[in-house]
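*Asks:* Contents of my_file.txt (compact mmCIF, C-alpha atoms) are given next:
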```
# COMPACT_ATOMS: atom_id res chain seq x y z
CA MET A 13 -230.89 84.22 44.78
CA THR A 14 -231.82 87.89 44.67
CA TYR A 15 -231.50 90.37 47.50
CA THR A 16 -231.79 94.07 48.27
CA LYS A 17 -229.36 95.95 50.49
CA THR A 18 -230.46 99.22 52.13
CA ARG A 19 -228.48 101.46 54.48
CA LEU A 20 -230.88 103.01 57.00
CA PRO A 21 -230.48 106.41 58.73
CA SER A 22 -229.58 104.55 61.94
CA GLY A 23 -226.54 103.03 60.21
CA ILE A 24 -228.13 99.56 60.13
CA ARG A 25 -227.57 97.58 56.94
CA LEU A 26 -230.90 96.00 55.99
CA ILE A 27 -230.79 92.96 53.69
CA THR A 28 -234.02 91.50 52.30
CA VAL A 29 -233.98 88.12 50.56
CA PRO A 30 -237.24 86.99 48.91
CA MET A 31 -237.97 83.26 48.55
CA LYS A 32 -240.52 82.12 46.00
CA GLY A 33 -243.32 80.08 47.51
CA ALA A 34 -242.18 80.65 51.10
CA LYS A 35 -244.84 80.88 53.79
CA THR A 36 -242.48 81.83 56.59
CA ILE A 37 -240.17 84.72 57.32
CA THR A 38 -236.99 84.94 59.38
CA VAL A 39 -235.66 88.10 60.96
CA LEU A 40 -231.98 87.97 61.97
CA ALA A 41 -230.39 90.80 63.94
CA ALA A 42 -226.62 90.40 63.74
CA VAL A 43 -224.01 92.51 65.51
CA LYS A 44 -220.21 92.71 65.51
CA ALA A 45 -219.70 91.34 69.00
CA GLY A 46 -217.67 88.22 69.71
CA SER A 47 -214.55 86.99 71.43
CA ASN A 48 -212.33 88.52 68.72
CA PHE A 49 -213.47 91.98 69.88
CA GLU A 50 -212.75 91.31 73.55
CA THR A 51 -209.81 91.87 75.84
CA LYS A 52 -208.54 89.16 78.19
CA ASP A 53 -210.14 90.71 81.29
CA ILE A 54 -213.63 90.55 79.75
CA ASN A 55 -213.27 87.39 77.64
CA GLY A 56 -216.70 85.77 77.42
CA ILE A 57 -218.66 89.01 77.76
CA SER A 58 -220.19 88.77 74.25
CA HIS A 59 -221.64 85.37 75.05
CA PHE A 60 -222.76 86.49 78.52
CA LEU A 61 -224.54 89.50 77.03
CA GLU A 62 -226.30 87.27 74.51
CA HIS A 63 -227.72 85.24 77.40
CA MET A 64 -228.79 88.33 79.32
CA MET A 65 -230.65 89.87 76.38
CA PHE A 66 -233.47 87.35 76.85
CA LYS A 67 -233.85 88.02 80.60
CA GLY A 68 -236.44 90.74 80.25
CA THR A 69 -236.94 94.24 78.84
CA LYS A 70 -238.81 97.32 80.04
CA LYS A 71 -241.85 96.26 78.02
CA ARG A 72 -241.49 92.54 78.75
CA PRO A 73 -239.91 92.33 82.22
CA THR A 74 -239.41 88.55 82.35
CA THR A 75 -237.97 85.75 80.25
CA LEU A 76 -241.33 84.02 80.47
CA GLN A 77 -243.19 86.93 78.88
CA ILE A 78 -240.78 87.02 75.93
CA ALA A 79 -241.11 83.25 75.48
CA GLU A 80 -244.90 83.23 75.83
CA GLU A 81 -245.38 85.89 73.15
CA LEU A 82 -243.17 84.09 70.65
CA ASP A 83 -244.61 80.68 71.53
CA ALA A 84 -248.14 82.05 71.04
CA ILE A 85 -247.49 82.40 67.30
CA GLY A 86 -245.60 79.11 66.98
CA GLY A 87 -242.37 80.95 66.40
CA GLN A 88 -238.84 79.61 66.47
CA TYR A 89 -236.26 81.84 68.11
CA ASN A 90 -232.77 81.70 69.53
CA ALA A 91 -229.42 83.43 69.66
CA PHE A 92 -225.76 82.47 69.28
CA THR A 93 -222.32 83.96 69.74
CA SER A 94 -219.30 83.27 67.54
CA LYS A 95 -215.75 84.58 67.38
CA GLU A 96 -216.74 87.48 65.15
CA TRP A 97 -220.45 88.16 65.55
CA THR A 98 -223.58 87.53 67.59
CA GLY A 99 -226.98 86.75 66.12
CA TYR A 100 -230.57 86.96 67.39
CA TYR A 101 -233.29 85.51 65.23
CA ALA A 102 -236.97 84.72 65.12
CA LYS A 103 -238.94 82.79 62.49
CA ALA A 104 -242.70 82.49 62.04
CA GLU A 105 -245.49 82.69 59.51
CA ALA A 106 -244.90 85.67 57.22
CA ARG A 107 -247.98 87.52 58.53
CA HIS A 108 -246.13 88.05 61.83
CA LEU A 109 -243.31 90.13 60.30
CA SER A 110 -244.10 93.35 62.19
CA PHE A 111 -244.25 91.52 65.51
CA LEU A 112 -240.95 89.70 64.89
CA VAL A 113 -239.15 92.95 64.09
CA GLU A 114 -240.70 94.66 67.12
CA ILE A 115 -239.83 91.98 69.67
CA LEU A 116 -236.28 91.55 68.36
CA SER A 117 -235.77 95.31 68.49
CA ASP A 118 -237.04 95.33 72.08
CA ILE A 119 -234.61 92.58 73.10
CA PHE A 120 -231.76 94.14 71.13
CA GLN A 121 -232.15 97.67 72.51
CA ASN A 122 -234.01 97.48 75.81
CA ALA A 123 -232.77 94.44 77.75
CA LEU A 124 -232.77 95.27 81.47
CA LEU A 125 -229.49 93.53 82.34
CA ASP A 126 -230.69 93.17 85.93
CA SER A 127 -227.85 92.57 88.40
CA THR A 128 -229.69 89.80 90.25
CA GLU A 129 -230.44 88.02 86.98
CA MET A 130 -226.80 88.47 86.01
CA GLU A 131 -225.55 86.56 89.04
CA ARG A 132 -228.05 83.78 88.42
CA GLU A 133 -227.13 83.56 84.72
CA LYS A 134 -223.45 83.32 85.57
CA LEU A 135 -224.26 80.05 87.34
CA VAL A 136 -226.10 78.83 84.24
CA ILE A 137 -223.13 79.62 82.00
CA ILE A 138 -220.68 77.92 84.35
CA GLU A 139 -222.81 74.80 84.03
CA GLU A 140 -222.66 75.28 80.24
CA MET A 141 -218.86 75.36 80.58
CA ASN A 142 -218.96 72.16 82.63
CA MET A 143 -221.12 70.50 79.97
CA TYR A 144 -218.58 71.33 77.27
CA GLN A 145 -215.73 70.06 79.46
CA ASP A 146 -217.63 66.79 79.84
CA THR A 147 -218.17 66.51 76.07
CA PRO A 148 -214.68 65.76 74.73
CA ALA A 149 -215.81 65.52 71.10
CA ARG A 150 -216.69 69.21 71.39
CA HIS A 151 -214.10 70.39 73.89
CA VAL A 152 -211.26 69.13 71.69
CA ASP A 153 -212.23 71.87 69.20
CA GLU A 154 -211.66 74.56 71.85
CA LEU A 155 -208.29 73.03 72.68
CA ALA A 156 -207.41 72.99 68.99
CA GLU A 157 -207.96 76.73 68.65
CA GLU A 158 -206.00 77.36 71.85
CA LEU A 159 -203.06 75.45 70.34
CA LEU A 160 -203.46 77.08 66.92
CA TYR A 161 -203.68 80.68 68.06
CA GLY A 162 -202.31 80.83 71.59
CA ASP A 163 -203.03 83.69 73.99
CA GLN A 164 -204.79 86.01 71.56
CA PRO A 165 -208.51 86.47 70.90
CA GLN A 166 -208.67 83.76 68.22
CA GLY A 167 -207.36 81.30 70.80
CA TRP A 168 -209.72 82.25 73.60
CA LYS A 169 -212.97 80.44 74.31
CA ILE A 170 -216.12 82.21 73.14
CA ILE A 171 -217.73 81.30 76.46
CA GLY A 172 -214.79 82.65 78.47
CA GLU A 173 -213.40 81.30 81.75
CA PRO A 174 -215.22 80.98 85.11
CA ASP A 175 -213.14 83.56 86.98
CA THR A 176 -213.42 86.13 84.22
CA LEU A 177 -217.16 85.58 83.94
CA ARG A 178 -217.64 86.01 87.70
CA SER A 179 -215.79 89.34 87.62
CA ILE A 180 -218.02 91.01 85.00
CA THR A 181 -220.15 93.75 86.57
CA ARG A 182 -223.38 95.32 85.37
CA ASP A 183 -221.54 98.52 84.46
CA THR A 184 -219.05 96.55 82.36
CA LEU A 185 -221.86 94.73 80.59
CA MET A 186 -223.82 97.94 79.98
CA ASN A 187 -220.75 99.70 78.58
CA TYR A 188 -219.95 96.80 76.28
CA ARG A 189 -223.49 96.79 74.91
CA LYS A 190 -223.41 100.57 74.45
CA ASP A 191 -220.16 100.25 72.53
CA ARG A 192 -220.92 97.25 70.31
CA TYR A 193 -224.70 97.28 69.83
CA VAL A 194 -224.90 100.30 67.54
CA GLY A 195 -226.32 100.82 64.06
CA GLY A 196 -222.95 100.82 62.32
CA ASN A 197 -222.17 97.36 63.75
CA THR A 198 -225.58 95.88 62.97
CA VAL A 199 -227.02 93.94 60.05
CA LEU A 200 -230.73 93.12 59.90
CA CYS A 201 -231.48 90.31 57.47
CA ILE A 202 -235.07 89.42 56.57
CA ALA A 203 -235.58 86.33 54.41
CA GLY A 204 -238.62 84.42 53.22
CA HIS A 205 -242.03 85.68 52.12
CA ILE A 206 -241.13 89.32 51.63
CA PRO A 207 -243.72 92.13 51.33
CA SER A 208 -242.80 95.38 49.58
CA LEU A 209 -239.41 96.88 50.41
CA ASN A 210 -241.01 100.16 51.44
CA ARG A 211 -243.15 98.39 54.02
CA ILE A 212 -240.14 96.54 55.47
CA VAL A 213 -238.07 99.73 55.64
CA ASN A 214 -240.89 101.51 57.45
CA ILE A 215 -241.30 98.67 59.95
CA VAL A 216 -237.57 98.51 60.67
CA ASN A 217 -237.20 102.29 60.96
CA GLU A 218 -240.14 102.38 63.37
CA HIS A 219 -238.60 99.86 65.75
CA PHE A 220 -234.83 100.21 65.23
CA GLY A 221 -234.77 103.91 64.34
CA GLN A 222 -233.65 105.07 67.79
CA ILE A 223 -230.51 102.95 67.91
CA SER A 224 -227.26 104.87 68.23
CA PRO A 225 -225.54 104.90 64.82
CA ARG A 226 -221.92 104.74 65.99
CA ALA A 227 -219.66 103.21 68.61
CA SER A 228 -217.59 105.29 71.01
CA GLY A 229 -214.35 104.35 69.30
CA ARG A 230 -213.53 101.15 71.20
CA LYS A 231 -210.99 98.79 69.65
CA LYS A 232 -211.57 96.96 66.40
CA GLN A 233 -211.25 93.22 65.90
CA GLN A 234 -207.68 92.19 66.75
CA VAL A 235 -205.31 91.08 64.01
CA PHE A 236 -204.10 87.48 64.19
CA ILE A 237 -200.33 86.95 64.51
CA ASP A 238 -198.99 83.63 63.16
CA ARG A 239 -195.85 82.44 64.94
CA GLN A 240 -195.88 78.71 64.20
CA THR A 241 -192.71 77.23 62.70
CA LYS A 242 -193.01 73.50 63.52
CA PRO A 243 -195.61 70.83 64.35
CA ALA A 244 -197.30 71.11 67.75
CA ALA A 245 -199.23 68.68 69.95
CA LYS A 246 -201.18 69.06 73.17
CA VAL A 247 -202.95 66.49 75.33
CA GLN A 248 -205.53 66.93 78.06
CA TYR A 249 -205.81 64.04 80.47
CA LYS A 250 -209.27 62.58 80.88
CA ASP A 251 -210.20 59.04 81.90
CA THR A 252 -212.23 58.29 78.79
CA ASP A 253 -213.15 55.08 76.99
CA GLN A 254 -212.31 56.76 73.69
CA THR A 255 -209.59 59.12 72.50
CA HIS A 256 -210.85 62.29 70.83
CA LEU A 257 -208.40 63.97 68.50
CA ASN A 258 -208.30 67.02 66.27
CA ILE A 259 -205.57 67.65 63.72
CA ALA A 260 -205.91 71.34 62.91
CA ILE A 261 -203.92 72.57 59.93
CA ARG A 262 -203.42 76.30 59.40
CA ALA A 263 -205.01 77.30 56.12
CA TYR A 264 -206.77 80.34 54.63
CA PRO A 265 -208.93 83.21 55.89
CA LEU A 266 -212.27 84.30 54.48
CA GLY A 267 -211.87 85.94 51.10
CA SER A 268 -208.79 83.95 50.13
CA LYS A 269 -208.66 82.96 46.46
CA GLN A 270 -207.42 79.53 47.56
CA LEU A 271 -210.48 78.79 49.72
CA PRO A 272 -212.63 77.22 46.93
CA ALA A 273 -209.87 74.71 46.13
CA LEU A 274 -209.51 73.95 49.86
CA LYS A 275 -213.25 73.24 49.98
CA ILE A 276 -212.80 70.59 47.28
CA LEU A 277 -209.84 69.16 49.17
CA ASN A 278 -211.85 69.05 52.40
CA ILE A 279 -214.79 67.21 50.81
CA LEU A 280 -212.72 64.41 49.32
CA LEU A 281 -210.52 64.14 52.41
CA GLY A 282 -213.21 63.86 55.10
CA GLY A 283 -216.33 65.74 54.08
CA ASN A 284 -218.67 62.80 53.54
CA MET A 285 -219.09 59.03 53.87
CA SER A 286 -217.23 58.26 50.65
CA SER A 287 -214.23 60.41 51.60
CA ARG A 288 -210.72 59.04 52.00
CA LEU A 289 -210.65 59.30 55.77
CA PHE A 290 -214.05 57.70 56.25
CA ILE A 291 -213.31 54.77 53.94
CA ASN A 292 -209.71 54.12 54.91
CA ILE A 293 -209.80 54.81 58.66
CA ARG A 294 -213.32 53.76 59.65
CA GLU A 295 -214.47 51.25 57.03
CA LYS A 296 -211.17 49.46 56.29
CA GLU A 297 -209.46 49.71 59.69
CA GLY A 298 -212.45 49.93 62.06
CA LEU A 299 -210.53 52.47 64.13
CA CYS A 300 -213.35 54.86 64.88
CA TYR A 301 -217.07 55.60 64.82
CA TYR A 302 -216.83 59.23 63.78
CA ILE A 303 -214.19 60.77 61.55
CA ASN A 304 -214.57 63.88 59.44
CA SER A 305 -212.98 67.07 58.25
CA HIS A 306 -214.24 70.63 58.01
CA ILE A 307 -212.99 74.15 57.37
CA GLU A 308 -213.08 77.06 59.80
CA ALA A 309 -212.45 80.38 58.04
CA TYR A 310 -212.34 83.68 59.92
CA THR A 311 -211.62 87.23 58.80
CA GLY A 312 -207.86 87.02 59.36
CA CYS A 313 -207.09 83.33 59.66
CA GLY A 314 -208.46 79.84 59.09
CA TYR A 315 -207.75 76.15 59.36
CA LEU A 316 -208.63 72.69 58.12
CA SER A 317 -209.75 70.39 60.95
CA LEU A 318 -209.60 66.57 60.92
CA LYS A 319 -211.49 64.98 63.81
CA ALA A 320 -211.99 61.45 65.08
CA GLY A 321 -212.96 59.44 68.15
CA VAL A 322 -210.77 56.32 68.33
CA ASP A 323 -209.93 53.32 70.48
CA ASN A 324 -207.52 54.38 73.26
CA LYS A 325 -205.23 51.43 72.53
CA ARG A 326 -204.92 52.40 68.86
CA SER A 327 -204.78 56.18 69.06
CA SER A 328 -201.21 56.36 67.75
CA ARG A 329 -202.16 54.09 64.88
CA ALA A 330 -205.06 56.41 64.03
CA VAL A 331 -202.80 59.47 63.93
CA GLU A 332 -200.29 57.59 61.78
CA LEU A 333 -202.96 56.60 59.26
CA ILE A 334 -204.43 60.11 59.07
CA ILE A 335 -200.95 61.54 58.44
CA LYS A 336 -200.44 58.85 55.81
CA GLU A 337 -203.56 60.08 53.99
CA LEU A 338 -202.28 63.66 54.12
CA ARG A 339 -198.90 62.54 52.81
CA ALA A 340 -200.51 60.71 49.88
CA LEU A 341 -202.73 63.65 49.07
CA ARG A 342 -199.79 66.05 49.09
CA ALA A 343 -197.59 63.79 46.96
CA ASN A 344 -200.11 62.42 44.45
CA GLY A 345 -202.95 64.93 44.34
CA VAL A 346 -206.49 63.79 43.53
CA THR A 347 -208.03 61.79 40.73
CA LYS A 348 -210.38 63.25 38.11
CA GLU A 349 -213.16 61.04 39.48
CA GLU A 350 -212.69 62.28 43.06
CA PHE A 351 -212.51 65.85 41.84
CA LYS A 352 -215.79 65.63 39.93
CA LYS A 353 -217.55 63.86 42.81
CA ALA A 354 -216.44 66.57 45.26
CA ARG A 355 -217.67 69.38 43.01
CA ASP A 356 -221.03 67.67 42.50
CA TYR A 357 -221.30 67.05 46.23
CA PHE A 358 -220.71 70.73 46.95
CA GLU A 359 -223.46 71.72 44.51
CA GLY A 360 -225.97 69.31 46.03
CA THR A 361 -225.30 70.15 49.65
CA LEU A 362 -225.34 73.88 48.91
CA ALA A 363 -228.87 73.58 47.54
CA LEU A 364 -230.00 71.51 50.53
CA SER A 365 -228.46 73.91 53.03
CA LEU A 366 -230.42 76.93 51.80
CA GLU A 367 -233.94 75.54 51.54
CA THR A 368 -235.43 77.47 54.47
CA SER A 369 -235.72 81.15 55.35
CA ASP A 370 -233.57 80.88 58.49
CA GLU A 371 -230.74 79.11 56.65
CA LEU A 372 -230.79 81.77 53.96
CA ALA A 373 -230.79 84.57 56.54
CA PHE A 374 -227.73 83.04 58.26
CA TRP A 375 -225.96 82.66 54.88
CA VAL A 376 -226.47 86.32 53.97
CA GLY A 377 -226.16 87.82 57.45
CA GLY A 378 -222.97 85.94 58.27
CA GLN A 379 -221.27 87.13 55.10
CA MET A 380 -222.24 90.75 55.73
CA MET A 381 -220.92 90.54 59.27
CA GLN A 382 -217.57 89.02 58.36
CA THR A 383 -216.75 90.44 54.92
CA GLY A 384 -219.19 93.29 54.30
CA LYS A 385 -220.12 91.64 51.00
CA ILE A 386 -222.70 89.10 49.86
CA LYS A 387 -221.84 86.17 47.66
CA THR A 388 -224.94 84.51 46.24
CA PRO A 389 -225.18 80.71 46.16
CA GLU A 390 -224.85 80.92 42.39
CA GLU A 391 -221.60 82.88 42.73
CA ALA A 392 -220.29 80.46 45.33
CA LEU A 393 -221.04 77.56 42.99
CA MET A 394 -219.30 79.28 40.07
CA GLU A 395 -216.18 79.69 42.24
CA ILE A 396 -216.17 75.94 42.82
CA LYS A 397 -216.72 75.19 39.14
CA ARG A 398 -213.73 77.34 38.22
CA VAL A 399 -211.42 75.27 40.44
CA THR A 400 -209.08 72.98 38.49
CA LEU A 401 -207.18 69.83 39.41
CA PRO A 402 -203.88 71.78 39.48
CA ASP A 403 -205.51 74.28 41.88
CA VAL A 404 -206.32 71.49 44.33
CA ALA A 405 -202.82 70.02 43.97
CA HIS A 406 -201.30 73.44 44.66
CA VAL A 407 -203.39 73.91 47.81
CA ALA A 408 -202.53 70.40 49.00
CA ARG A 409 -198.80 71.14 48.69
CA ALA A 410 -199.15 74.53 50.34
CA VAL A 411 -201.34 73.55 53.29
CA LEU A 412 -200.33 69.99 54.02
CA ASN A 413 -196.87 70.58 55.48
CA ASN A 414 -195.35 69.92 58.86
CA LYS A 415 -195.10 73.49 60.15
CA ARG A 416 -198.87 73.92 59.86
CA LEU A 417 -199.83 70.80 61.86
CA ASN A 418 -201.45 71.02 65.31
CA LEU A 419 -202.70 67.93 67.14
CA THR A 420 -204.92 68.11 70.21
CA ILE A 421 -206.00 65.00 72.09
CA ILE A 422 -208.34 64.33 75.00
CA GLY A 423 -207.90 60.93 76.61
CA PRO A 424 -205.88 58.98 79.21
CA TYR A 425 -202.54 60.61 78.32
CA LYS A 426 -200.19 62.97 80.14
CA ASP A 427 -197.39 63.41 77.59
CA ALA A 428 -197.84 64.84 74.09
CA ARG A 429 -194.31 64.07 72.89
CA ASN A 430 -195.06 60.60 71.54
CA PHE A 431 -197.87 62.02 69.46
CA GLU A 432 -195.85 65.01 68.30
CA LYS A 433 -193.26 62.67 66.79
CA LEU A 434 -195.95 61.33 64.45
CA LEU A 435 -196.66 64.74 62.87
CA ARG A 436 -194.48 64.33 59.81
CA ILE A 437 -196.10 64.51 56.38
```
So that I can check it, write out the structure of this file as structure tokens.
*Replies:*
Amino acid sequence: MTYTKTRLPSGIRLITVPMKGAKTITVLAAVKAGSNFETKDINGISHFLEHMMFKGTKKRPTTLQIAEELDAIGGQYNAFTSKEWTGYYAKAEARHLSFLVEILSDIFQNALLDSTEMEREKLVIIEEMNMYQDTPARHVDELAEELLYGDQPQGWKIIGEPDTLRSITRDTLMNYRKDRYVGGNTVLCIAGHIPSLNRIVNIVNEHFGQISPRASGRKKQQVFIDRQTKPAAKVQYKDTDQTHLNIAIRAYPLGSKQLPALKILNILLGGNMSSRLFINIREKEGLCYYINSHIEAYTGCGYLSLKAGVDNKRSSRAVELIIKELRALRANGVTKEEFKKARDYFEGTLALSLETSDELAFWVGGQMMQTGKIKTPEEALMEIKRVTLPDVAHVARAVLNNKRLNLTIIGPYKDARNFEKLLRI
């Protein structure tokens, strides 16, 4: 992968990523706005603002007009909010580049944030909250981060809480946008069928050139404080037919030298259908339909997550067997065959995950937002290839220990103590 990075007079970092043979182009506008930049009294404001940005601009006063213009060219478009950044993107045939940059710049800079629309959208987001509450396979992830990080930004919901959302005024929303949505906090990533760099720079300067370059000095992303000294468990009662559990294990932040070895560990533990958890818990025991593991890595912290949906009557058995797998991995390490399979799997899935212009834009834009650097897929693959068996064994011993374990469960339970007793590797 090749790319070009250009710092514009507005402070925006422009990244262009050409793709041979591509017929489409994706424009991603990313900004440092997320729950990790919030205070408790405005938790959820980043996500709320993301919703409101599509509710009309001076040039396009309604949501319908924005949608109709993008639909008219067969474009794909959306937005998302994470802990550490918010993204707005549009994808279409490459000949529509100028239009995509223009409409994203209009949304990004000129959203009306109408007070009547705000009150209506609050109702929409509260229903989104209710949907997540009614989806335990997803909600258990929010509970896991609450248990992991407690009452600090990393432990707060991206979507916020109903009462906090209701209290956000138009002035608060306007001030937050003014503070966060500035050139110095913004990355514009354009991937796909790329014309000349000069043309792209001219287009971007034309439409984003008036953005304020700097923030007013509001607080930076908060630093995570780790206070855990022993295993922890939390249950949320829900009359479900299935128990949903998440064993979250404190691990490494973005940029850690141990992260590549953890990626290998994750793949062979629960990253695919030939992993230890899938074979031993689902295929041999029949305890669950879904079981997997994945890594969440943020700027200052990270964790390894093991998830499953299991029979209520055998939930303790499921936790015991998962802990047994962790114990074996810590004590015995991994085989050469598993190690090679995991490295090959990483290489194959990396290639598949970056086939389209939008996926490539997210890859590059996300890295710039969180680390300020770009690691190419080739560099990421080389990191994995440099990992050794002893590296994986070292990470297993370091990460898989009792004081890093956090179990969250949603199901027909009121007491976490019986589950907490099982958290012994």
*Asks:* Got a sec to check which residues sit within 10 Å of (-209.3, 94.1, 55.7), counting all atoms listed in the file, and write them as a list in words?
*Replies:*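 Output of the proximity query reads Val235, Gly267, Thr311, Gly312 and Thr383 of chain A.
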*Asks:* Skip Tyr249 (chain A) itself and residues of its chain fewer than 6 positions away, then list as an MDAnalysis selection string all residues within 7 Å of it, counting all atoms listed in the file.
*Replies:* chainID A and resid 422:426
*Asks:* What does the distance between CA of Lys95 (chain A) and CA of Cys313 (chain A) come to in Å, to one decimal place?
*Replies:*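 Between these atoms lies a distance of 11.7 Å.
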*Asks:* Given the choices A:Leu372, A:Ile138, A:Leu125, A:Ile293, which gets closest to Thr74 (chain A) if the distance is worked out from all atoms listed in the file?
*Replies:* A:Leu125
*Asks:* For Leu177 (chain A), work out the shell of residues within 7 Å, counting all atoms listed in the file and skipping chain neighbours fewer than 5 positions away, then give it as a compact mmCIF listing (two decimals) with C-alpha atoms, in the coordinates of the input.
*Replies:*
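Writing done, so here's around_5.txt:
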```
# COMPACT_ATOMS: atom_id res chain seq x y z
CA GLY A 56 -216.70 85.77 77.42
CA LYS A 134 -223.45 83.32 85.57
CA GLY A 172 -214.79 82.65 78.47
```
*Asks:* Go through A:Val404, A:Ile24, A:Ala84, A:Val399 and flag the residue nearest Ser224 (chain A), using all atoms listed in the file for the distances.
*Replies:*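 When distances to Ser224 (chain A) are compared using all atoms listed in the file, the smallest one comes from A:Ile24.
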*Asks:* Which residue gives the smallest distance to Asn214 (chain A) among A:Leu316, A:Leu61, A:Pro21, A:Ile137, with all atoms listed in the file counted?
*Replies:*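 Distance minimum relative to Asn214 (chain A) lands on A:Pro21.
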*Asks:* Counting only C-alpha atoms, find residues at most 8 Å from (-211.1, 50.0, 70.4) (file frame) and give them as a PyMOL selection string.
*Replies:* chain A and resi 254+299-300+322-326
*Asks:* Mind checking which residues fall within 12 Å of Gly298 (chain A), counting all atoms listed in the file, ignoring those fewer than 3 positions away in the same chain, and posting them as a list in words?
*Replies:*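 Selected residues are Leu289, Phe290, Ile291, Asn292, Ile293, Arg294, Glu295, Tyr301, Tyr302, Ile303, Ala320, Gly321, Val322, Asp323, Arg326, Arg329, Ala330 and Leu333 of chain A.
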*Asks:* Which residues are near Thr93 (chain A)? Cut-off 9 Å, all atoms listed in the file, ignore same chain within fewer than 3 positions. Put them as a list in words.
*Replies:*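 Once the nearby chain positions are removed, what remains is Ala45, Gly46, Ser47, Ser58, His59, Glu62, Glu96, Trp97, Thr98, Gly99, Ile170 and Ile171 of chain A.
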*Asks:* Using only C-alpha atoms, determine which residues lie at most 7 Å from Tyr15 (chain A), disregarding the query and same-chain residues fewer than 2 positions distant; provide the list as a list of chain:residue names.
*Replies:*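 Near neighbours after the sequence-gap exclusion: A:Met13, A:Lys17, A:Ile27, A:Thr28, A:Val29, A:Pro30.
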*Asks:* Nearest residue to Val194 (chain A) out of A:Ala123, A:Ala363, A:Leu435, A:Val43, using all atoms listed in the file?
*Replies:*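 Ranking A:Ala123, A:Ala363, A:Leu435, A:Val43 by distance to Val194 (chain A), first place goes to A:Val43.
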*Asks:* Could you tell me how far CA of Ser287 (chain A) sits from CA of Gly345 (chain A), in Å to one decimal place?
*Replies:*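 According to the coordinates, CA of Gly345 (chain A) and CA of Ser287 (chain A) are separated by 14.2 Å.
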*Asks:* Of the residues A:His256, A:Arg189, A:Lys242, A:Arg262, which is the one nearest to Ile223 (chain A), using all atoms listed in the file?
*Replies:* A:Arg189
